[in-house]
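Visitor: One structure is given below, represented as structure tokens, and several questions about it will come after.
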Amino acid sequence: MNRELEYMFVQSARVWIPDAEEVWKSAELTKDYKNDDASLQLMLEDGTTIDHKLDPKTKNLPYLRNPDILVGENDLTALSYLHEPAVLHNLKVRFIDSKLIYTYCGIVLVAINPYETLPIYGTDIINAYSGQNMGDMDPHIFAVAEEAYKQMARDERNQSIIVSGESGAGKTVSAKYAMRYFATVSGSASEANVEEKVLASNPIMEAIGNAKTTRNDNSSRFGKYIEIGFDNRYRIIGANMRTYLLEKSRVVFQADEERNYHIFYQLCASANQPEFKNLRLSTANDFLYTRQGRSPVIEGVDDAKELRTTRHAFTLLGINESYQIGLFQVLAAILHLGNVEIKDRDSDSSLIAPNNRHLTAFCELVGVTYQDMSQWLCHRKLKTATETYIKPLPRLQATNARDALSKHIYAKLFNWIVEHVNKALVTNIKQHSFIGVLDIYGFETFEINSFEQFCINYANEKLQQQFNMHVFKLEQEEYMKEQIPWTLIDFYDNQPCINLIEAKMGILDLLDEECKMPKGSDDSWAQKLYNTHLKTCSLFEKPRMSNRAFIIQHFADKVEYQCEGFLEKNKDTVNEEQIHVLKASKFNLLVELFQDEEKATTPTGQVPGTGGRTRLSIKPDKGRDTSSKEHKKTVGCQFRNSLQMLMETLNATTPHYVRCIKPNDFKLAFSFDPKRAVQQLRACGVLETIRISAAGFPSRWTYQEFFSRYRVLMKQKDVLPDKKLTCKNVLEKLVQDQDKYQFGKTKIFFRAGQVAYLEKLRADKLRAACIRIQKTIRCWLARKKYLRQRSAAITIQRFTRGYQARCLAKFMRRTQAATIIQKYQRMCVERKRFRQKQAAALAMQTILRAYMARQKYQALLREHKAVIIQKHVRGWLARCWYKRCLEAIVYLQCCIRRMRAKRELKKLKIEARSVEHFKKLNKGMENKIMQLQRKIDEQNKDNRVISERLVSLESSYASESERMRGELGRLRGVEEDAKNKANQVSSLLEELEKLRKELSVTQQEKKTIEDWAQKYRDEMEKMVSELKDQNGLLKKEKDDLNRMIQEQSQQMTEKMTRAIAQETQQLETDLNEERSRYQNLLTEHLRLEEKYDDLKEELAHSKNVSKPGHRRTDSTHSSNESEYTYNSEYAELEDGSRVGEDVTRGMDTSLTLKLQKRVTELEQEKQSLRNELENKEEQFQRARARDDAQFRKARGAELEYESLKRQELESENKKLRHDLAEMRQSLLGGAAASAGAPGSPAYKVLLDQLNASCEELEVRKEEVLILRSQLVSQKEAMHHKDEKETMTEPSVFAQDVNKLKDADELKQAYVGLKDTNRLLEQQLQTQRRTYDSEVESLRGELQNVKEENNRQQQLLAQNLQLPPEARIEASLQHEITRLTNENLELMADDPTASREARVIILRRMVDLMEQLEKQDRTIRKLKKQLKVYSKRIGEMGAGHTEGQTSPGQMVEEPIHPVNIPRREKDFQGMLEYKKEDEMKLVKNLILELKPRGVAVNLIPGLPAYILFMCLRHSDYVNDDQKVRTLLTSTINSIKKILKKRGDDFETVSFWLANTCRFLHCLKQYSGDEVFMKHNTSRQNEHCLSNFDLAEYRQVISDLAIQIYQQLVKCMENILQPMIVSGMLEHETIQGVSGVKPTGLRKRTSSIADEGTYTLDSILRQLSAFHSTMCQHGTDPELIKQVVKQLFYIIGAVTLNNLLLRKDMCSWSKGMQIRYNVSQLEEWLRDKGLMNCGAKETLEPLIQAAQLLQVKKKTDEDAEAICSMCHALTTAQIVKVLNLYTPVNEFEERVSVSFIRTIQTRLRDRCESPQLLMDTKMIYPVTFPFNPSSLALETIQIPTSLNLSFLTRV
């Protein structure tokens, strides 16, 4: 021991020392401690050095501080040093720094009130804690609730949660959240919303039992124990509430800054409501009972709103409006009674003034007389043995009596409400177990403590005793389980204090005895206490300065009680005459309150709950049979009995403890007062738990955890294969004192402080290893640095010496060069001087000679210029005279010539006009001639007329041409004259050229002017250049502006593109949200359907009477129901539920109606959402089509023109058909010359057949349109029988059938019909042979008719294999194509004739339509007769094979006498079954099918193909009933098998794949073009022909969505247990993370034991999922969606657990997570699923792992974190930083300032404040169309399916 102390108390060791302000203060040793030292040298955290004296007697050293890595632990028992300062510091660090309000202390959950609303109680948090072990998650009230719920289910034992603490510590809130957890997790056993009712009791009890105190704004002034009942499936079925010790004195008195019960203030705040007018209420300050505390308002609380909440809760619990108004009436009467003023009449009597306003209101509200009430408020009746007399009361006693009556009324009202709440919560279902939640007052001590505080502290003494015994028991069980030697541990036993209170002659007994005394008083009772207990009990004391008080030493503290008022409160007396007056009231509710005055069976006046509840068997008190004795029991006695019942209940359950701590008295958020905290920790038993744990072996490690943690302390030779033996050997070496540890079966137990000792050894070993590593690395770095420096020095020397040598050589070269330069420089200077002198002499000579030459030149020049001037002046004068003469002559000539030219021009103009006219006329006539020639070629009749006109025109044209030719010759002569005159103009031009030459001579004389012009031109050019420069600048600016415009245009284009992309993305997001909402509604729809089925089963089971055939099943449905029958199933269920109501009387009919109404609403909402989804898809399509709007706009006109043209052609088709018929008739009438001509009988037969075919096509087209309209508008109430009679056998033909009664007549008629058919066929063949040779003129026309006839025959041959309706549609399509081609040919041949034919056709169309209708009726009548004949012949058993053909074939034979080839073995991909075999088909193919055998041995999707082939046959035979019943049975059977085996992954996956394949088949063979383009021609022939199953496709799509969601849930249930263990707890990379010391609440070990899941388990399971879905033939796109959903679940669950587990937030765990994520990505890569979006769902988890590993110190780190963690919310980032925990002491915690920096930087983020990810979120699923290439006719049905009754067609 001394060795360990010397080792621990060394320099730098940290200890705790007492402090008056902070309770405990941290200090650090500045000097090692020695055994003989009397003091310790310490330094405080602020740097102050002190000398801490040790106690010379005990030599007790101060408490050691725990290592930093243990600070902030989830469990206080995980601390190595278990003592008060360690507990206080750990709680403070978690509360202040990490904002964590919950902490474990062994089996106790310590909850500190944050005085702030925290987002840690949502449904997502509840789901995260559901199913988790208590030690696996961070401490939480939900963890305690889950532990209680789990133990109840596992151990079959009732549980209790005991919530205690001071007023304002948060007891009520903790109890409320515990009940909310049970209500959310367990649900209810019925649809009566029991969990909602349990939660609804909270606002009611808070309103009538909670009040504002100085310590709490919502303090519970009563204790309550709520038993939440569960059935055998552990679902809530009801609850029961017991209350304890209501503080009635608060009704009439409140201290300063306190309030009365909330309900009074809620009523006053709502006094202006119409229903409260008759209560005569006003503000709370107007009533005595609500204004004494002078604090009528609570900040942040709206009393009027709270009253609405209370009333809603009353309504939910079944207390109707009239009862609520009655309750409020009683409460208002209490307020008015408090305002009744009682005055003194004299010293011994009092009176109430007449017509007192408040007393009048009180009497009216409670229905009593004013006179009686005023009489007995001021008087009382005294009874003696002989007489009774009335005694007046003094004012003080009368006032007390009034207050006593108010308290009594309120207590009765309180008990009545509790009783009715219990009645609303009780059910008739048998209770299997329960969980009790005890919300009771904690230990209280005030300046003045009275009877209420005494009872409260007495109850806490009893609870503390039970708590100590339970903790002691758990410790003993743990030691015995591990086979550790058990030694008794001394713990505080408060039984003496309990005996002092409740034993015989105890305080309560003496109080009851004094109450029985006639003249008993508080003083006499106090003297009895002093005389009885002052000398005999050490826990009882008497105050020094008082004779009316006493002191009790409780387990928490000493409390001084004032005796005044004890007797009065214990008696709780009320004037009996006042009670009699109230009982005589006319107010029924008040009478009901007091009618059980004599029947009280519990202290609170409650009656036991009825029904099937299982209650604890508690012996009844013998005195309860006598009502008078029971009524006279004192409050103390009643409270003692009820407390005894409570303790018996708690002892029969497994308790769970929640201790609520109030951090400060000022209600400041996250403010911690150490003094108040320590006081409460001592009072609530937390420190006692620590002391009991510390007395034994508080630290416990498994052998694997110990080996993993302290492997560094072992040598290689110490490591043995047996881990247990290895740990033993190491411990014996490390810890010499064997009493410090014990070896159990699975764990090692350590004394307090031993783990810290081992941690220090481990840290020292690691530190020594670090030092050695640092030494080696530093040596290596130093040597490396030395070698690098040496090499650098040698290199520098080498380069320096070379540099010096180069400098010397350079100097020598420069010296030599300087000498040479000097030589040449001197020579250059001399040469330059000589050349300068020579040049100067030459210049002087040149200047002089030039001056002399210029003088001589100027003289010569002046003489020459004078001569030239004279010459030119003389010449100019001569030229001027000449010009004047010439101009006059020329002007005269011009005048004469102009006059002649005008005359000639006039003549030429007249001639030109006439020539031009004839040219134009000639040109027009040539064009007309050409047109006429073409017209002649095109039309023979018009040719003769046009030829005659052409001859006349040619003759006139010839004469006119001769005349024009003569005129043209004359014009040519005129043109010759013009040419001669042009020659004269050329001579004039030559003369003008001579003049120009003279002008050029003159220009030479103007040389000086040209020089000036040149100068001017230079200036202009300069100016032009400047302008060009400016122009260039302007062009540059223009180019810049154009570039800017282009850039802006490009930017605008990009912006528009981005906007369109964003809008498209938003639409996609909205579409996904709508899909998600729609699919969530489908899930809710399925859930309600399942609950409804369960309800029916329970009702049938409770009835135990079966009525077969009572309800109509799907097989008995009528045939004319709507095709969309899936949604009508609920209507059938509703009908069934109405029938069952008469039998099941115990059913809640209102609930059934609500459920039915809810189903109807969900159906309507489903339909509306479907419509909304379609609208969203249309908007999405429009948004995507907006990108190519410009292209469509450019082609819009062309497309519109083509569309109009097609419409015109289609309209002309009908006209041309009649035109063709008319042409054929004209041909028939014009060629009747011979027998073989077109008028012959054979030719008439051919034309009749063609006309009949056209008429039949037209009629069939109209029939199709009519039938389609009838199918759309067909009502569901129609019957199949009527439909069959209408469509098959009209009654109009009944007479024809009756006429043919003789069998011979039938036979002869049939033979005659066959002969007629043969004759027609022979005539047709004969006509074909003679037609070509006899009619040459019409060969082309008849050839076309023959080709058309052949096409008709081929079409009919093909159509014979189709149903009748499909046959008609195919014929119509072919006829439309033929007529379109003919229309185009006619328009190309003769447009004019085509237009004329249309006019004729229009006139005859009406007549033709009437004829067609008559022929159609005739044909139908013949068809019906032939059917009747065929049926009658079949019955007579005729031997002809033709008689065995179907009626449809016989109808076609006389109309189409052609030979139709058939292939006998050509299957059409259909399966025929009988109606009675439908149930067998569904049973063998769906209900009893084993998915595993089908998936392995047969083709994927085989059941879907078989079902669709059966559906095809039903469609082929046009049987709508078979189609409807088959689809309905299929859907219901799939639902049934999924409900039965919904937990089997293979089953769900198998039917998801088959349902999708069935849906794809319905689309692929629907006949829609968008789906048919993927088919082969053979597959297109297999399309459905009679029914449009689009609505059923939607139903099956909804079913697929439900199956997908069920598949996801099934896979989630399989993966859920693996995720946390494999992704977080298992060490994939061994040795990276060490195990920290753990406490009593053991977390799941991160070491992989047998049976634990690893990452490989997850990967194997994912591979199994993938392979199974591939075997089942699931669509690849659907597999991608499933994998994406699974990866989201893995990421969400892992991240949520990381956010709720402090032990997982470390650097090493971040590395493990990143490695695990990389393995998941590798799995995606191997499966080819990287592009399915699964990787993106893991992004939040990846960023959380990165956040654990990055640096977290500087502002740069904060900026990097903010930019990196974009997928995490601010709350998640802050939570991870708060939870970050170092595993080794070398790591550092995240500072509070850094977290604040992160919060500041992320303040502007717009995101949800939700902490956890929604693990229940399911991505909206889509089913992309995936056509099958498999041909239906090739599918073979294996015999193993037992479907031999199916026939291939």
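FYI, nothing fancy with the structure tokens labels: chains A, B, ... in order, residues from 1 per chain, ligands from 1 as they appear.
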I'd like the contact shell of stretch 282-297 of chain A - 9 Å cut-off, only C-alpha atoms, skipping same-chain residues fewer than 2 positions apart - returned as a PDB file with C-alpha atoms, in the first residue's frame.
Guide:
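This is the output file part.pdb:
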ATOM      1  CA  LYS A 212     -45.851  27.344  -9.402  1.00  0.00           C
ATOM      2  CA  ARG A 250     -52.311  25.499  -1.354  1.00  0.00           C
ATOM      3  CA  VAL A 251     -55.956  25.999  -2.327  1.00  0.00           C
ATOM      4  CA  VAL A 252     -56.401  28.638   0.369  1.00  0.00           C
ATOM      5  CA  PHE A 253     -52.853  29.940   0.887  1.00  0.00           C
ATOM      6  CA  GLN A 254     -49.765  30.574  -1.255  1.00  0.00           C
ATOM      7  CA  ALA A 255     -46.433  32.022  -0.247  1.00  0.00           C
ATOM      8  CA  ASP A 256     -44.796  34.907  -2.077  1.00  0.00           C
ATOM      9  CA  GLU A 257     -43.855  34.242  -5.703  1.00  0.00           C
ATOM     10  CA  GLU A 258     -46.047  31.144  -5.731  1.00  0.00           C
ATOM     11  CA  ARG A 259     -49.392  30.308  -7.321  1.00  0.00           C
ATOM     12  CA  ASN A 260     -52.422  28.211  -6.644  1.00  0.00           C
ATOM     13  CA  TYR A 261     -53.136  25.217  -8.855  1.00  0.00           C
ATOM     14  CA  PHE A 264     -57.770  28.348 -11.363  1.00  0.00           C
ATOM     15  CA  TYR A 265     -55.616  30.672 -13.454  1.00  0.00           C
ATOM     16  CA  LEU A 267     -60.284  29.570 -15.825  1.00  0.00           C
ATOM     17  CA  CYS A 268     -59.636  33.224 -14.994  1.00  0.00           C
ATOM     18  CA  ALA A 269     -57.709  33.670 -18.247  1.00  0.00           C
ATOM     19  CA  SER A 270     -60.669  32.221 -20.186  1.00  0.00           C
ATOM     20  CA  ALA A 271     -63.396  34.128 -18.303  1.00  0.00           C
ATOM     21  CA  ASN A 272     -64.407  36.001 -21.461  1.00  0.00           C
ATOM     22  CA  ARG A 280     -68.958  35.269 -13.042  1.00  0.00           C
ATOM     23  CA  GLU A 299     -43.489  33.759 -18.134  1.00  0.00           C
ATOM     24  CA  GLY A 300     -43.923  31.990 -21.442  1.00  0.00           C
ATOM     25  CA  VAL A 301     -47.157  30.208 -20.438  1.00  0.00           C
ATOM     26  CA  ASP A 302     -50.545  31.036 -22.003  1.00  0.00           C
ATOM     27  CA  ASP A 303     -53.139  29.928 -19.447  1.00  0.00           C
ATOM     28  CA  ILE A 334     -64.363  27.687  -4.712  1.00  0.00           C
ATOM     29  CA  LEU A 335     -62.919  31.001  -5.906  1.00  0.00           C
ATOM     30  CA  HIS A 336     -66.099  32.844  -4.991  1.00  0.00           C
ATOM     31  CA  GLY A 338     -62.707  32.410  -0.872  1.00  0.00           C
ATOM     32  CA  ASN A 339     -63.918  35.975  -1.464  1.00  0.00           C
TER      33      ASN A 339
END
Visitor: One number please: atom CA of A:Asn278 to atom CA of A:Ala304, in Å, one decimal.
Guide: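 It comes out at 17.5 Å.
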Visitor: Could you state the separation of atom CA of A:Ala669 and atom CA of A:Asn216 in Å, given to one decimal place?
Guide: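 These atoms are spaced 13.4 Å apart.
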Visitor: Going by DSSP on the backbone, which bits of stretch 20-155 of chain A are strand (DSSP E or B)? Write them as JSON, numbers by chain, please.
Guide: {"A": [23, 24, 25, 26, 27, 28, 29, 39, 40, 41, 42, 43, 44, 49, 50, 51, 52, 53, 63, 64, 75, 102, 103, 104, 105, 108, 109, 110, 111, 112]}
Visitor: Any idea what the distance is between atom CA of A:Tyr244 and atom CA of A:Phe639?
Guide: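 Atom CA of A:Phe639 lies 7.3 Å from atom CA of A:Tyr244.
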Visitor: Measuring atom to atom with only C-alpha atoms, identify which of A:Thr1576, A:Ser1663, A:Ser642, A:Thr49 is nearest to A:Leu1724.
Guide: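 That would be A:Ser1663, the residue with the smallest distance to A:Leu1724.
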Visitor: Which neighbours of A:Ala128 fall inside 8 Å, counting only C-alpha atoms, when residues of the same chain fewer than 3 positions from it are skipped, and could you give them as a ChimeraX atom specification?
Guide: /A:124-125,132,1693,1696-1697
Visitor: Write the residues of the preceding selection, restricted to N, CA and C atoms, as a compact mmCIF listing (two decimals), in the first residue's frame.
Guide:
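Output contents, as saved in part_14.txt:
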# COMPACT_ATOMS: atom_id res chain seq x y z
N ASP A 124 -37.50 10.11 -33.43
CA ASP A 124 -36.28 9.49 -33.95
C ASP A 124 -35.37 9.00 -32.83
N ILE A 125 -35.31 9.75 -31.73
CA ILE A 125 -34.50 9.31 -30.58
C ILE A 125 -35.14 8.06 -29.96
N GLN A 132 -32.28 -1.45 -27.89
CA GLN A 132 -30.86 -1.38 -27.57
C GLN A 132 -30.62 -1.77 -26.12
N VAL A 1693 -28.30 4.26 -39.44
CA VAL A 1693 -28.23 3.58 -38.14
C VAL A 1693 -26.84 3.74 -37.53
N ASN A 1696 -26.50 7.41 -36.35
CA ASN A 1696 -27.33 7.67 -35.17
C ASN A 1696 -26.72 7.06 -33.92
N ASN A 1697 -26.22 5.85 -34.02
CA ASN A 1697 -25.57 5.24 -32.86
C ASN A 1697 -24.29 5.97 -32.50
Visitor: Skip A:Lys407 itself and residues of its chain fewer than 3 positions away, then list as a list in words all residues within 8 Å of it, counting only C-alpha atoms.
Guide: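 Residues near the query, excluding close chain neighbours: Lys248, Ser249, Val251, Val252, Asp403, Ala404, Tyr410 and Ala411 of chain A.
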Visitor: Could the residues in this selection be written to a file with N, CA, C and O atoms, as a PDB file, in the first residue's frame?
Guide:
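Output file again_7.pdb is given in full below:
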ATOM      1  N   LYS A 248     -53.502  20.207  -0.019  1.00  0.00           N
ATOM      2  CA  LYS A 248     -54.761  20.944  -0.035  1.00  0.00           C
ATOM      3  C   LYS A 248     -54.606  22.356   0.497  1.00  0.00           C
ATOM      4  O   LYS A 248     -55.387  23.246   0.135  1.00  0.00           O
ATOM      5  N   SER A 249     -53.620  22.586   1.355  1.00  0.00           N
ATOM      6  CA  SER A 249     -53.461  23.920   1.927  1.00  0.00           C
ATOM      7  C   SER A 249     -53.157  24.964   0.870  1.00  0.00           C
ATOM      8  O   SER A 249     -53.397  26.154   1.071  1.00  0.00           O
ATOM      9  N   VAL A 251     -54.715  25.453  -1.792  1.00  0.00           N
ATOM     10  CA  VAL A 251     -55.956  25.999  -2.327  1.00  0.00           C
ATOM     11  C   VAL A 251     -56.298  27.321  -1.665  1.00  0.00           C
ATOM     12  O   VAL A 251     -56.806  28.250  -2.306  1.00  0.00           O
ATOM     13  N   VAL A 252     -55.987  27.449  -0.374  1.00  0.00           N
ATOM     14  CA  VAL A 252     -56.401  28.638   0.369  1.00  0.00           C
ATOM     15  C   VAL A 252     -55.245  29.553   0.721  1.00  0.00           C
ATOM     16  O   VAL A 252     -55.466  30.686   1.164  1.00  0.00           O
ATOM     17  N   ASP A 403     -62.221  28.103   4.788  1.00  0.00           N
ATOM     18  CA  ASP A 403     -61.080  27.564   4.047  1.00  0.00           C
ATOM     19  C   ASP A 403     -61.066  26.046   4.078  1.00  0.00           C
ATOM     20  O   ASP A 403     -60.692  25.390   3.080  1.00  0.00           O
ATOM     21  N   ALA A 404     -61.448  25.458   5.223  1.00  0.00           N
ATOM     22  CA  ALA A 404     -61.488  23.994   5.299  1.00  0.00           C
ATOM     23  C   ALA A 404     -62.509  23.438   4.314  1.00  0.00           C
ATOM     24  O   ALA A 404     -62.284  22.400   3.674  1.00  0.00           O
ATOM     25  N   TYR A 410     -62.253  20.880  -2.991  1.00  0.00           N
ATOM     26  CA  TYR A 410     -61.235  20.681  -4.026  1.00  0.00           C
ATOM     27  C   TYR A 410     -60.672  19.261  -3.969  1.00  0.00           C
ATOM     28  O   TYR A 410     -60.421  18.634  -5.004  1.00  0.00           O
ATOM     29  N   ALA A 411     -60.486  18.742  -2.749  1.00  0.00           N
ATOM     30  CA  ALA A 411     -59.986  17.373  -2.633  1.00  0.00           C
ATOM     31  C   ALA A 411     -60.973  16.379  -3.227  1.00  0.00           C
ATOM     32  O   ALA A 411     -60.591  15.410  -3.895  1.00  0.00           O
TER      33      ALA A 411
END
Visitor: Find the residues around A:Asn1778 up to 10 Å (only C-alpha atoms counted), leave out those fewer than 2 positions away in its own chain, and share them as an mmCIF file with C-alpha atoms, in the first residue's frame.
Guide:
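Written output follows (result_8.cif):
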data_model
loop_
_atom_site.group_PDB
_atom_site.id
_atom_site.type_symbol
_atom_site.label_atom_id
_atom_site.label_comp_id
_atom_site.auth_asym_id
_atom_site.auth_seq_id
_atom_site.Cartn_x
_atom_site.Cartn_y
_atom_site.Cartn_z
ATOM 1 C CA ARG A 94 -20.841 16.517 -18.782
ATOM 2 C CA ASP A 97 -19.042 21.351 -21.353
ATOM 3 C CA SER A 98 -20.830 18.569 -23.232
ATOM 4 C CA LYS A 99 -24.437 19.701 -22.565
ATOM 5 C CA LEU A 100 -25.307 16.156 -21.440
ATOM 6 C CA LEU A 1699 -24.232 10.375 -32.194
ATOM 7 C CA LYS A 1702 -19.750 8.787 -26.366
ATOM 8 C CA CYS A 1705 -16.405 9.103 -30.760
ATOM 9 C CA GLN A 1772 -24.712 16.662 -35.670
ATOM 10 C CA ILE A 1773 -21.334 18.370 -36.010
ATOM 11 C CA VAL A 1774 -21.597 19.958 -32.569
ATOM 12 C CA LYS A 1775 -22.777 16.664 -31.082
ATOM 13 C CA VAL A 1776 -19.793 14.755 -32.475
ATOM 14 C CA TYR A 1780 -15.280 13.294 -28.875
ATOM 15 C CA THR A 1781 -13.450 11.289 -26.225
ATOM 16 C CA ARG A 1789 -10.306 16.928 -25.942
ATOM 17 C CA VAL A 1790 -12.094 19.456 -28.089
ATOM 18 C CA SER A 1791 -12.168 22.810 -26.338
ATOM 19 C CA VAL A 1792 -15.457 24.575 -25.673
ATOM 20 C CA ILE A 1795 -17.118 24.267 -30.551
#
